[in-house]
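Student: Next up, entry-v7.txt (compact mmCIF, C-alpha atoms and all ligand atoms).
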```txt
# COMPACT_ATOMS: atom_id res chain seq x y z
CA MET V 216 -12.24 -33.04 15.81
CA ASN V 217 -15.39 -33.98 13.87
CA GLY V 218 -18.28 -34.76 16.24
CA LYS V 219 -16.56 -32.94 19.08
CA ARG V 220 -18.02 -30.13 21.13
CA ILE V 221 -17.44 -26.44 20.51
CA ALA V 222 -18.57 -23.64 22.85
CA ILE V 223 -18.95 -20.28 21.15
CA VAL V 224 -19.17 -17.08 23.19
CA GLY V 225 -21.07 -14.37 21.32
CA ALA V 226 -23.87 -14.67 18.74
CA GLY V 227 -22.74 -11.85 16.47
CA ILE V 228 -21.98 -12.44 12.82
CA GLY V 229 -18.75 -14.36 13.51
CA GLY V 230 -20.22 -16.55 16.24
CA ILE V 231 -23.36 -17.49 14.33
CA ALA V 232 -21.44 -18.11 11.10
CA LEU V 233 -19.09 -20.43 12.95
CA ALA V 234 -22.02 -22.21 14.61
CA ILE V 235 -23.63 -22.82 11.20
CA LEU V 236 -20.50 -23.95 9.39
CA ALA V 237 -19.36 -26.21 12.26
CA THR V 238 -22.80 -27.78 12.70
CA GLN V 239 -22.99 -28.44 8.95
CA LYS V 240 -19.76 -30.42 9.31
CA GLY V 241 -21.01 -32.50 12.25
CA TYR V 242 -19.61 -30.62 15.26
CA LYS V 243 -21.79 -30.20 18.33
CA VAL V 244 -22.08 -26.52 19.02
CA SER V 245 -23.26 -24.55 22.07
CA LEU V 246 -23.65 -20.82 21.43
CA PHE V 247 -23.84 -18.36 24.34
CA GLU V 248 -25.09 -14.80 23.94
CA ARG V 249 -25.22 -12.22 26.71
CA ASP V 250 -28.23 -10.38 25.27
CA ILE V 251 -31.79 -11.62 25.25
CA LYS V 252 -31.92 -11.65 21.46
CA ILE V 253 -29.63 -11.36 18.47
CA SER V 254 -28.22 -7.88 18.13
CA THR V 255 -29.29 -5.95 15.07
CA ILE V 256 -27.49 -2.81 16.17
CA GLY V 257 -25.64 -0.90 13.48
CA ALA V 258 -27.12 0.92 10.55
CA GLY V 259 -25.91 -1.31 7.74
CA VAL V 260 -23.09 -3.46 6.51
CA THR V 261 -21.52 -3.98 3.09
CA LEU V 262 -20.58 -7.57 2.38
CA TRP V 263 -17.79 -7.64 -0.17
CA PRO V 264 -17.12 -10.70 -2.40
CA ASN V 265 -14.94 -12.43 0.20
CA ALA V 266 -17.90 -12.39 2.60
CA MET V 267 -20.29 -13.54 -0.12
CA PHE V 268 -17.96 -16.48 -0.84
CA VAL V 269 -18.33 -17.64 2.78
CA LEU V 270 -22.08 -17.02 2.74
CA GLN V 271 -22.31 -19.14 -0.40
CA GLN V 272 -20.45 -21.94 1.38
CA MET V 273 -23.10 -21.69 4.11
CA GLY V 274 -25.82 -21.87 1.46
CA VAL V 275 -27.38 -18.50 2.29
CA HIS V 276 -25.91 -16.08 -0.26
CA GLU V 277 -29.03 -16.00 -2.45
CA GLN V 278 -31.24 -15.10 0.50
CA ILE V 279 -28.81 -12.35 1.49
CA GLN V 280 -28.72 -11.00 -2.07
CA ALA V 281 -32.51 -10.95 -2.21
CA LEU V 282 -32.76 -8.90 0.97
CA GLY V 283 -29.89 -6.53 0.29
CA GLY V 284 -28.85 -4.04 -2.34
CA MET V 285 -26.10 -4.35 -4.93
CA PRO V 286 -24.18 -1.10 -5.24
CA MET V 287 -22.33 -0.96 -8.55
CA ASN V 288 -20.04 2.00 -7.95
CA MET V 289 -18.33 3.88 -5.16
CA ARG V 290 -17.90 7.57 -5.90
CA GLN V 291 -15.77 9.89 -3.83
CA PHE V 292 -16.65 13.60 -3.67
CA ASP V 293 -15.35 16.63 -1.88
CA GLN V 294 -17.66 18.51 0.46
CA TYR V 295 -18.92 20.62 -2.42
CA GLY V 296 -20.02 17.60 -4.44
CA ALA V 297 -17.18 17.57 -7.00
CA VAL V 298 -16.24 14.02 -7.98
CA GLN V 299 -12.70 13.14 -6.88
CA ASN V 300 -12.52 9.48 -7.66
CA GLU V 301 -14.59 6.51 -8.72
CA PHE V 302 -14.37 2.85 -7.96
CA ASP V 303 -16.04 0.22 -10.14
CA ILE V 304 -17.69 -2.31 -7.83
CA ALA V 305 -19.34 -4.09 -10.76
CA LYS V 306 -15.86 -4.90 -12.09
CA ILE V 307 -14.86 -6.42 -8.74
CA ASN V 308 -18.03 -8.49 -8.80
CA THR V 309 -17.26 -9.75 -12.30
CA LEU V 310 -13.64 -10.56 -11.49
CA THR V 311 -14.55 -12.52 -8.35
CA GLY V 312 -17.82 -14.03 -9.53
CA PHE V 313 -19.52 -12.76 -6.36
CA SER V 314 -21.77 -9.76 -5.82
CA SER V 315 -21.08 -7.08 -3.25
CA VAL V 316 -24.18 -6.64 -1.10
CA SER V 317 -25.28 -3.86 1.23
CA ILE V 318 -27.76 -4.97 3.86
CA LEU V 319 -29.44 -4.00 7.11
CA PRO V 320 -28.07 -5.93 10.10
CA ARG V 321 -31.58 -7.09 11.03
CA ASP V 322 -31.95 -8.77 7.60
CA LEU V 323 -28.49 -10.34 7.63
CA MET V 324 -28.88 -11.63 11.16
CA SER V 325 -32.39 -12.97 10.57
CA VAL V 326 -31.11 -15.15 7.70
CA LEU V 327 -28.26 -16.46 9.84
CA ASP V 328 -30.55 -17.01 12.83
CA ARG V 329 -33.06 -18.95 10.75
CA THR V 330 -30.35 -21.07 9.15
CA LEU V 331 -28.97 -21.98 12.56
CA ALA V 332 -32.43 -22.82 13.90
CA ASP V 333 -33.05 -25.06 10.86
CA LEU V 334 -29.92 -26.97 11.84
CA GLY V 335 -31.47 -27.58 15.25
CA VAL V 336 -29.13 -25.29 17.21
CA ASN V 337 -30.64 -23.04 19.87
CA ILE V 338 -28.78 -19.98 21.07
CA HIS V 339 -28.42 -19.73 24.85
CA PHE V 340 -29.56 -16.14 25.31
CA ASN V 341 -29.12 -14.10 28.45
CA SER V 342 -25.84 -15.95 29.07
CA ALA V 343 -23.15 -13.37 29.71
CA ILE V 344 -20.06 -15.51 30.09
CA THR V 345 -17.52 -14.21 32.59
CA VAL V 346 -13.74 -14.63 32.48
CA SER V 347 -13.89 -17.07 35.38
CA GLU V 348 -16.52 -19.22 33.63
CA ILE V 349 -14.21 -19.78 30.69
CA ALA V 350 -12.05 -22.14 32.77
CA GLN V 351 -15.13 -24.34 33.22
CA LEU V 352 -16.05 -24.18 29.51
CA LYS V 353 -12.48 -25.18 28.76
CA GLN V 354 -13.04 -28.38 30.75
CA ASP V 355 -16.48 -29.13 29.35
CA PHE V 356 -15.79 -28.54 25.64
CA ASP V 357 -13.13 -29.63 23.18
CA LEU V 358 -12.82 -26.04 21.92
CA VAL V 359 -13.95 -22.67 23.31
CA VAL V 360 -14.22 -19.84 20.76
CA GLY V 361 -14.59 -16.20 21.76
CA ALA V 362 -16.56 -14.34 19.09
CA ASP V 363 -17.47 -11.71 21.67
CA GLY V 364 -16.60 -8.51 19.88
CA ARG V 365 -14.05 -5.71 19.96
CA MET V 366 -14.54 -3.70 23.12
CA ASN V 367 -14.92 -6.09 26.07
CA SER V 368 -14.13 -9.58 24.86
CA VAL V 369 -13.97 -11.77 27.96
CA VAL V 370 -12.28 -14.57 26.03
CA ARG V 371 -9.55 -12.13 24.96
CA GLN V 372 -9.17 -11.14 28.62
CA PHE V 373 -8.85 -14.82 29.50
CA LEU V 374 -6.02 -15.22 26.95
CA TYR V 375 -4.11 -12.07 27.82
CA ALA V 376 -2.95 -11.43 31.39
CA GLU V 377 -2.14 -7.85 30.33
CA LYS V 378 -5.55 -6.63 29.26
CA VAL V 379 -5.64 -5.70 25.57
CA ALA V 380 -7.01 -2.17 25.39
CA PRO V 381 -8.95 -1.23 22.24
CA GLN V 382 -7.38 1.86 20.67
CA TYR V 383 -9.45 4.98 20.15
CA GLN V 384 -8.51 6.32 16.72
CA GLY V 385 -9.52 9.95 17.23
CA PHE V 386 -12.82 10.09 15.39
CA ILE V 387 -16.47 9.43 15.96
CA ASN V 388 -19.15 7.97 13.73
CA ILE V 389 -22.83 8.75 13.86
CA ILE V 390 -24.78 6.16 11.93
CA ALA V 391 -28.43 5.76 10.89
CA ILE V 392 -30.85 4.52 8.24
CA SER V 393 -32.78 6.92 5.99
CA GLN V 394 -35.64 6.71 3.52
CA LEU V 395 -34.87 8.50 0.27
CA LYS V 396 -36.39 9.69 -2.95
CA PRO V 397 -35.73 6.73 -5.29
CA SER V 398 -33.34 8.40 -7.74
CA THR V 399 -31.07 10.06 -5.15
CA LEU V 400 -28.21 7.56 -5.09
CA ASP V 401 -28.64 5.48 -8.26
CA ASN V 402 -26.97 2.40 -6.81
CA VAL V 403 -23.79 4.34 -6.05
CA ILE V 404 -22.05 4.48 -2.68
CA HIS V 405 -21.50 8.20 -2.02
CA ASP V 406 -18.38 9.04 -0.06
CA PHE V 407 -18.10 12.78 0.73
CA ARG V 408 -14.86 13.92 2.32
CA ALA V 409 -13.22 17.04 3.67
CA ALA V 410 -10.22 17.46 5.98
CA GLY V 411 -11.23 15.86 9.27
CA GLU V 412 -14.78 15.04 8.14
CA ARG V 413 -16.58 12.39 6.14
CA PHE V 414 -20.13 11.57 5.22
CA GLY V 415 -20.67 8.17 3.59
CA ILE V 416 -24.03 7.02 2.22
CA VAL V 417 -24.66 3.43 1.12
CA PRO V 418 -27.78 2.55 -0.91
CA ILE V 419 -29.63 -0.63 0.03
CA LYS V 420 -32.82 -0.29 -1.97
CA ALA V 421 -33.88 2.50 -4.32
CA ASP V 422 -35.56 4.30 -1.41
CA LEU V 423 -33.45 3.09 1.51
CA CYS V 424 -29.87 3.73 2.59
CA TYR V 425 -27.61 3.67 5.61
CA TRP V 426 -25.03 6.31 6.33
CA ALA V 427 -22.20 7.31 8.62
CA ALA V 428 -21.12 10.83 9.49
CA GLY V 429 -17.61 11.05 10.92
CA TRP V 430 -15.28 13.70 12.25
CA SER V 431 -12.17 14.05 14.40
CA ALA V 432 -13.06 14.42 18.06
CA ASP V 433 -11.79 13.58 21.53
CA ILE V 434 -13.72 10.99 23.49
CA ASP V 435 -16.23 12.77 25.66
CA LYS V 436 -18.85 10.49 27.14
CA THR V 437 -20.16 13.21 29.45
CA ARG V 438 -21.63 15.21 26.59
CA PRO V 439 -25.29 14.45 25.97
CA LEU V 440 -26.06 12.59 22.76
CA CYS V 441 -28.31 15.41 21.55
CA ASP V 442 -25.25 17.72 21.52
CA TRP V 443 -23.39 15.38 19.19
CA TYR V 444 -26.41 15.08 16.90
CA GLU V 445 -26.87 18.83 16.87
CA GLN V 446 -23.20 19.29 16.01
CA MET V 447 -23.57 16.83 13.15
CA HIS V 448 -26.44 18.81 11.65
CA GLN V 449 -24.43 22.02 11.89
CA ARG V 450 -21.20 20.57 10.51
CA PHE V 451 -22.79 19.07 7.42
CA SER V 452 -25.45 21.72 6.84
CA THR V 453 -23.74 23.06 3.71
CA TRP V 454 -22.78 19.69 2.24
CA PRO V 455 -24.39 18.40 -0.98
CA ASP V 456 -28.02 17.59 -1.49
CA ALA V 457 -27.74 13.83 -0.88
CA VAL V 458 -26.36 14.57 2.61
CA GLN V 459 -29.17 17.02 3.31
CA GLN V 460 -31.73 14.46 2.18
CA VAL V 461 -30.53 11.71 4.48
CA LEU V 462 -30.20 14.12 7.40
CA LYS V 463 -33.82 15.15 6.89
CA SER V 464 -35.23 11.66 6.71
CA TYR V 465 -33.44 9.34 9.09
CA ASN V 466 -35.12 6.86 11.36
CA LYS V 467 -34.52 8.27 14.87
CA ASP V 468 -34.39 4.80 16.44
CA SER V 469 -31.49 3.82 14.19
CA LEU V 470 -29.32 6.81 15.18
CA LYS V 471 -26.20 5.81 17.08
CA LEU V 472 -22.97 7.49 18.19
CA ILE V 473 -19.77 5.41 18.12
CA PHE V 474 -16.36 6.35 19.49
CA VAL V 475 -14.39 4.36 16.96
CA HIS V 476 -11.81 1.90 18.29
CA ASP V 477 -9.78 -0.89 16.79
CA ILE V 478 -7.24 -3.23 18.34
CA ASP V 479 -3.55 -3.68 17.64
CA ARG V 480 -2.27 -6.81 15.90
CA LEU V 481 -2.11 -9.55 18.51
CA PRO V 482 0.80 -12.03 18.74
CA TYR V 483 -1.51 -15.02 19.31
CA TRP V 484 -5.21 -15.85 19.25
CA HIS V 485 -5.29 -19.06 21.26
CA GLN V 486 -3.92 -20.93 24.21
CA ASP V 487 -4.68 -24.61 24.66
CA ASN V 488 -8.30 -25.05 23.53
CA VAL V 489 -9.39 -21.39 23.88
CA LEU V 490 -9.43 -19.19 20.76
CA ILE V 491 -10.67 -15.76 19.71
CA ILE V 492 -12.01 -14.86 16.26
CA GLY V 493 -13.60 -11.86 14.51
CA ASP V 494 -13.51 -8.46 16.18
CA ALA V 495 -12.32 -10.01 19.46
CA ALA V 496 -9.11 -11.06 17.66
CA HIS V 497 -8.51 -8.37 15.02
CA ALA V 498 -11.16 -5.61 15.05
CA PRO V 499 -10.43 -3.18 12.21
CA LEU V 500 -11.81 0.34 11.84
CA PRO V 501 -15.05 0.76 9.88
CA THR V 502 -12.95 2.63 7.30
CA SER V 503 -11.64 -0.79 6.22
CA GLY V 504 -15.18 -1.93 5.35
CA GLN V 505 -13.99 -5.42 6.27
CA GLY V 506 -14.80 -6.24 9.92
CA ALA V 507 -17.79 -8.48 9.28
CA CYS V 508 -16.19 -9.90 6.12
CA GLN V 509 -13.10 -10.94 8.06
CA ALA V 510 -15.20 -12.43 10.88
CA LEU V 511 -16.96 -14.57 8.26
CA GLU V 512 -13.65 -15.63 6.78
CA ASP V 513 -12.45 -16.68 10.25
CA ALA V 514 -15.46 -18.93 10.69
CA TRP V 515 -14.90 -20.64 7.35
CA HIS V 516 -11.12 -21.09 7.78
CA LEU V 517 -11.49 -22.36 11.33
CA VAL V 518 -13.85 -25.17 10.35
CA ARG V 519 -11.52 -26.07 7.48
CA VAL V 520 -8.43 -26.40 9.69
CA LEU V 521 -10.39 -28.37 12.29
CA GLU V 522 -11.47 -30.76 9.53
CA LYS V 523 -7.93 -31.09 8.28
CA HIS V 524 -6.00 -31.53 11.53
CA ASP V 525 -6.92 -33.91 14.34
CA ASP V 526 -4.29 -32.26 16.49
CA LEU V 527 -6.01 -29.17 17.95
CA GLU V 528 -2.80 -27.28 18.65
CA LEU V 529 -1.71 -27.75 15.05
CA ALA V 530 -5.15 -26.72 13.80
CA LEU V 531 -5.25 -23.50 15.84
CA THR V 532 -1.65 -22.58 15.06
CA THR V 533 -2.35 -23.14 11.36
CA PHE V 534 -5.49 -21.01 11.67
CA TYR V 535 -3.49 -18.09 13.08
CA GLN V 536 -0.82 -18.43 10.40
CA GLN V 537 -3.43 -18.50 7.65
CA ARG V 538 -5.40 -15.54 8.95
CA ILE V 539 -3.11 -13.08 10.73
CA ASP V 540 -1.61 -11.29 7.71
CA LYS V 541 -4.87 -10.85 5.87
CA ALA V 542 -6.76 -9.71 8.96
CA SER V 543 -3.93 -7.32 9.83
CA ALA V 544 -3.89 -5.96 6.27
CA SER V 545 -7.56 -4.95 6.70
CA GLN V 546 -6.72 -3.26 9.99
CA LEU V 547 -3.89 -1.39 8.33
CA VAL V 548 -6.05 -0.22 5.43
CA GLY V 549 -8.67 0.96 7.93
CA ARG V 550 -6.08 2.96 9.86
CA LYS V 551 -4.52 4.46 6.71
CA VAL V 552 -7.85 5.64 5.35
CA ALA V 553 -8.84 7.01 8.76
CA GLN V 554 -5.53 8.82 9.19
CA GLN V 555 -5.83 10.32 5.77
CA ILE V 556 -9.29 11.68 6.44
CA PHE V 557 -9.34 12.38 10.14
CA THR V 558 -5.79 13.20 11.21
CA SER V 559 -3.96 14.46 8.15
CA LYS V 560 -3.84 18.25 8.02
CA ALA V 561 -2.80 18.12 4.40
CA HIS V 562 -5.96 16.35 3.34
CA ASN V 563 -5.53 14.24 0.28
CA ASN V 564 -8.68 13.04 -1.39
CA GLU V 565 -7.09 10.02 -2.95
CA ALA V 566 -7.79 7.31 -0.41
CA PRO V 567 -5.84 4.05 -0.64
CA ALA V 568 -9.07 2.06 -0.89
CA LEU V 569 -9.91 3.95 -4.05
CA GLY V 570 -6.32 4.26 -5.30
CA ILE V 571 -5.94 0.49 -5.50
CA SER V 572 -6.85 -1.23 -8.76
CA ALA V 573 -9.83 -3.58 -9.00
CA GLN V 574 -7.49 -6.49 -9.73
CA GLN V 575 -5.31 -5.73 -6.67
CA LEU V 576 -8.37 -5.58 -4.45
CA VAL V 577 -9.67 -8.85 -5.84
CA THR V 578 -6.32 -10.52 -5.14
CA LEU V 579 -6.30 -9.12 -1.59
CA TRP V 580 -9.89 -9.98 -0.72
CA MET V 581 -10.07 -13.43 -2.32
CA GLN V 582 -6.69 -14.60 -1.05
CA GLY V 583 -7.01 -17.91 0.80
CA LEU V 584 -10.60 -18.52 -0.29
CA ASP V 585 -10.90 -21.58 -2.47
CA ASN V 586 -12.65 -24.87 -2.33
C1 LIG V 601 -20.00 2.11 11.83
C2 LIG V 601 -19.57 0.74 11.45
C3 LIG V 601 -19.70 0.33 10.12
C4 LIG V 601 -19.28 -0.95 9.72
N1 LIG V 601 -19.41 -1.31 8.43
C5 LIG V 601 -18.96 -2.52 8.03
C6 LIG V 601 -19.06 -2.93 6.65
O1 LIG V 601 -19.60 -2.20 5.81
N2 LIG V 601 -18.58 -4.14 6.29
C7 LIG V 601 -18.02 -4.99 7.20
O2 LIG V 601 -17.59 -6.09 6.82
N3 LIG V 601 -17.91 -4.65 8.52
C8 LIG V 601 -18.36 -3.44 8.95
N4 LIG V 601 -18.28 -3.09 10.27
C9 LIG V 601 -17.66 -4.02 11.22
C10 LIG V 601 -18.58 -5.13 11.71
O3 LIG V 601 -19.79 -4.62 12.20
C11 LIG V 601 -17.87 -5.95 12.80
O4 LIG V 601 -16.55 -6.19 12.42
C12 LIG V 601 -18.57 -7.28 13.00
O5 LIG V 601 -19.86 -7.06 13.54
C13 LIG V 601 -17.77 -8.17 13.95
O6 LIG V 601 -18.47 -9.35 14.19
P1 LIG V 601 -18.16 -10.24 15.49
O7 LIG V 601 -19.10 -11.38 15.41
O8 LIG V 601 -16.71 -10.51 15.59
O9 LIG V 601 -18.50 -9.29 16.74
P2 LIG V 601 -19.87 -8.60 17.15
O10 LIG V 601 -20.74 -8.36 15.98
O11 LIG V 601 -19.50 -7.44 18.01
O12 LIG V 601 -20.61 -9.70 18.05
C14 LIG V 601 -20.18 -10.00 19.36
C15 LIG V 601 -21.33 -10.70 20.08
O13 LIG V 601 -20.83 -11.20 21.33
C16 LIG V 601 -21.77 -10.91 22.35
N5 LIG V 601 -21.03 -10.91 23.63
C17 LIG V 601 -20.11 -10.01 24.03
N6 LIG V 601 -19.63 -10.34 25.24
C18 LIG V 601 -20.25 -11.49 25.59
C19 LIG V 601 -20.17 -12.33 26.75
N7 LIG V 601 -19.37 -12.04 27.76
N8 LIG V 601 -20.95 -13.44 26.79
C20 LIG V 601 -21.79 -13.74 25.76
N9 LIG V 601 -21.91 -12.98 24.66
C21 LIG V 601 -21.14 -11.86 24.58
C22 LIG V 601 -22.35 -9.56 21.95
O14 LIG V 601 -23.58 -9.28 22.59
C23 LIG V 601 -22.48 -9.74 20.44
O15 LIG V 601 -23.72 -10.34 20.09
C24 LIG V 601 -18.70 -1.82 10.68
C25 LIG V 601 -18.58 -1.42 12.02
C26 LIG V 601 -19.00 -0.16 12.40
C27 LIG V 601 -18.85 0.26 13.84
```
Can the structure in the file be given as structure tokens, please?
Ligand SMILES: Cc1cc2nc3c(=O)[nH]c(=O)nc-3n(C[C@H](O)[C@H](O)[C@H](O)COP(=O)(O)OP(=O)(O)OC[C@H]3O[C@@H](n4cnc5c(N)ncnc54)[C@H](O)[C@@H]3O)c2cc1C

Tutor:
Amino acid sequence: MNGKRIAIVGAGIGGIALAILATQKGYKVSLFERDIKISTIGAGVTLWPNAMFVLQQMGVHEQIQALGGMPMNMRQFDQYGAVQNEFDIAKINTLTGFSSVSILPRDLMSVLDRTLADLGVNIHFNSAITVSEIAQLKQDFDLVVGADGRMNSVVRQFLYAEKVAPQYQGFINIIAISQLKPSTLDNVIHDFRAAGERFGIVPIKADLCYWAAGWSADIDKTRPLCDWYEQMHQRFSTWPDAVQQVLKSYNKDSLKLIFVHDIDRLPYWHQDNVLIIGDAAHAPLPTSGQGACQALEDAWHLVRVLEKHDDLELALTTFYQQRIDKASASQLVGRKVAQQIFTSKAHNNEAPALGISAQQLVTLWMQGLDN
């Protein structure tokens, strides 16, 4: 495959990562993005050691570390502020040899964008690929990769005659970025939970964090956004001080409501020379904390199998076999945590993500990542 042409649909984290890694190995890449610029939507993202491994392979991990924060602990509280559980992120970092980094999407994407530009690859913006155009791309390129996200992936529609419907999981997230008094979070991810409700706050810098408020709700797109925001303020008005601080000081432009969907495990990700990766293939819930990490892993594994196998069918089949169980495990964790918080009447504060030992998590996250 080396030297051959790859079309990538979608310049999100998965698409750009693939474009960088493939170009570094000598593939000729064309990257199509429907928007007029790279999306920096989303309040923040935590890149766990598996993601940092891939970013190191791309040569950008130090830049990402410099721009992001390095949370050292994740502490779980009830809605009154009593500590329920604690998870030692520093230990995970030591065991893997990679930091865990929290970062604003605009900073992450600007590093990736710059790296791609330095490799001489221009993104074709304002190019919303349609399902019917994929047949033409299929002819013009050796490989067509859909990295076009969870909700409306056209490449996924091309692969599946029966449209794959993303699954609403019964809860919403409202996300934003807030400025804070420097000592509020002390480098600790704060995860406040009650039955049917959650408020998570992730530090980036001493005075900057991103957060997500979540609660069980039916989808109602007719309700004005201001109603949802008002409800959020009421719901969490008696929660601990850190919650009150972020609710007082958020950047209004960063506020966003999300009806949270994931997709079911898919039986295949490719047909002929058309493949899906990232959220288009295996979108997990945000409660997994792994969507972007898994999209990065896809990019790295895909380039590896293409390097290894001249036969494209063998390469893409091998890619699916290598990735499906790990990607599905993230989806499962996301659903379990979400069910526990948002649908379980008998709320149990001990979430699987925190109940698992550091060593087990390291084994899970670093599985399949080696030189
Ligand atoms: C609230 C929330 C919190 C999260 N927190 C984390 C976290 O802490 N850690 C983590 O690892 N993950 C997290 N995630 C998940 C993460 O954001 C996604 O999994 C990740 O962005 C997926 O990357 P992707 O490249 O596959 O898709 P996307 O980022 O969705 O990119 C898809 C791209 O394709 C483009 N596109 C779509 N259709 C077309 C078309 N027809 N033609 C051309 N271009 C098209 C889009 O414009 C977009 O640029 C979180 C998600 C949410 C909602």

Student: Around ligand LIG 601 (chain V), at most 6 Å away and counting only C-alpha atoms and all ligand atoms, which residues are there? Put them as a VMD selection string, please.

Tutor: chain V and resid 224 to 230 247 to 250 254 260 to 262 342 to 345 362 to 364 368 to 369 493 to 495 501 504 to 508 510

Student: Take the point (-5.3, -11.3, 26.3) as written in the file and pick out every residue within 8 Å of it, counting only C-alpha atoms; give the list as a ChimeraX atom specification.

Tutor: /V:370-379

Student: Give the answer as one residue: which of V:Gly283, V:Pro499, V:Pro418, V:Gly312 has the shortest atom-to-atom distance to Ser398 (chain V), using all atoms listed in the file?

Tutor: V:Pro418

Student: How far is it from CA of Gln384 (chain V) to CA of Leu481 (chain V), in Å with one decimal?

Tutor: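 It comes out at 17.2 Å.
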
Student: Quick one: everything within 12 Å of Arg329 (chain V), counting only C-alpha atoms, minus sequence neighbours fewer than 2 positions away in the same chain. Send it as a PyMOL selection string.

Tutor: chain V and resi 231-232+235+253+275+278+321-327+331-338

Student: Quick check, in Å to one decimal: how far apart do CA of Thr255 (chain V) and CA of Pro320 (chain V) lie?

Tutor: 5.1 Å

Student: Quick one, how far is CA of Gln299 (chain V) from CA of Leu400 (chain V)?

Tutor: 16.6 Å

Student: Could you list, with a cut-off of 12 Å and counting only C-alpha atoms, the residues of region 405-490 of chain V near region 539-550 of chain V, each shown with its nearest atom pair and the distance in Å rounded to one decimal, rows sorted by chain and ascending number, as JSON lines?

Tutor:
```
{"residue": "V:Val475", "atom": "CA", "partner": "V:Arg550", "partner_atom": "CA", "distance": 11.0}
{"residue": "V:His476", "atom": "CA", "partner": "V:Arg550", "partner_atom": "CA", "distance": 10.2}
{"residue": "V:Asp477", "atom": "CA", "partner": "V:Gln546", "partner_atom": "CA", "distance": 7.8}
{"residue": "V:Ile478", "atom": "CA", "partner": "V:Gln546", "partner_atom": "CA", "distance": 8.4}
{"residue": "V:Asp479", "atom": "CA", "partner": "V:Gln546", "partner_atom": "CA", "distance": 8.3}
{"residue": "V:Arg480", "atom": "CA", "partner": "V:Ser543", "partner_atom": "CA", "distance": 6.3}
{"residue": "V:Leu481", "atom": "CA", "partner": "V:Ile539", "partner_atom": "CA", "distance": 8.6}
{"residue": "V:Pro482", "atom": "CA", "partner": "V:Ile539", "partner_atom": "CA", "distance": 9.0}
{"residue": "V:Tyr483", "atom": "CA", "partner": "V:Ile539", "partner_atom": "CA", "distance": 8.9}
{"residue": "V:Trp484", "atom": "CA", "partner": "V:Ile539", "partner_atom": "CA", "distance": 9.2}
```

Student: Convert the current residue selection to file output with C-alpha atoms, as a PDB file, in the coordinates of the input.

Tutor:
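Okay, this is what ended up in out_34.pdb:
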```
ATOM      1  CA  VAL V 475     -14.390   4.360  16.960  1.00  0.00           C
ATOM      2  CA  HIS V 476     -11.810   1.900  18.290  1.00  0.00           C
ATOM      3  CA  ASP V 477      -9.780  -0.890  16.790  1.00  0.00           C
ATOM      4  CA  ILE V 478      -7.240  -3.230  18.340  1.00  0.00           C
ATOM      5  CA  ASP V 479      -3.550  -3.680  17.640  1.00  0.00           C
ATOM      6  CA  ARG V 480      -2.270  -6.810  15.900  1.00  0.00           C
ATOM      7  CA  LEU V 481      -2.110  -9.550  18.510  1.00  0.00           C
ATOM      8  CA  PRO V 482       0.800 -12.030  18.740  1.00  0.00           C
ATOM      9  CA  TYR V 483      -1.510 -15.020  19.310  1.00  0.00           C
ATOM     10  CA  TRP V 484      -5.210 -15.850  19.250  1.00  0.00           C
TER      11      TRP V 484
END
```

Student: Determine the nearest neighbour of Thr309 (chain V) from the options V:Gln382, V:Gln291, V:Thr437, V:Gln574, counting only C-alpha atoms.

Tutor: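 Of V:Gln382, V:Gln291, V:Thr437, V:Gln574, the one nearest Thr309 (chain V) is V:Gln574, counting only C-alpha atoms.
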
Student: For Ile387 (chain V), list every protein, DNA or RNA residue within 7 Å, evaluated using all atoms listed in the file, and leave out those in the same chain fewer than 4 positions away; present the list as a ChimeraX atom specification.

Tutor: /V:429-432,473-475

Student: Tell me which of V:Arg538, V:Arg220, V:Lys551, V:Arg408 sits closest to Asp357 (chain V), counting only C-alpha atoms.

Tutor: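 Answer, going by the shortest atom-to-atom distance: V:Arg220.
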
Student: If we count all atoms listed in the file and set the cut-off at 9 Å, which residues sit around Lys240 (chain V), ignoring sequence neighbours fewer than 5 positions away in its own chain? Please answer as a PyMOL selection string.

Tutor: chain V and resi 217-218+235+518+522

Student: Here is a test: counting all atoms listed in the file, which residue of V:Leu462, V:Asn288, V:Leu352, V:Trp263 is nearest to Leu579 (chain V)?

Tutor: V:Trp263

Student: With all atoms listed in the file as the counted atoms, please give the residues lying no more than 9 Å from Asp468 (chain V), apart from itself and same-chain residues fewer than 3 positions off, as a PyMOL selection string.

Tutor: chain V and resi 391-392+465+471

Student: Residues at most 9 Å from region 454-460 of chain V, counting all atoms listed in the file, excluding those fewer than 4 positions away in the same chain, as a list of chain:residue names?

Tutor: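 Here the answer would be V:Gln294, V:Tyr295, V:Gly296, V:Ser393, V:Gln394, V:Leu395, V:Lys396, V:Thr399, V:Leu400, V:His405, V:Phe407, V:Phe414, V:Gly415, V:Ile416, V:His448, V:Arg450, V:Ser464, V:Tyr465.
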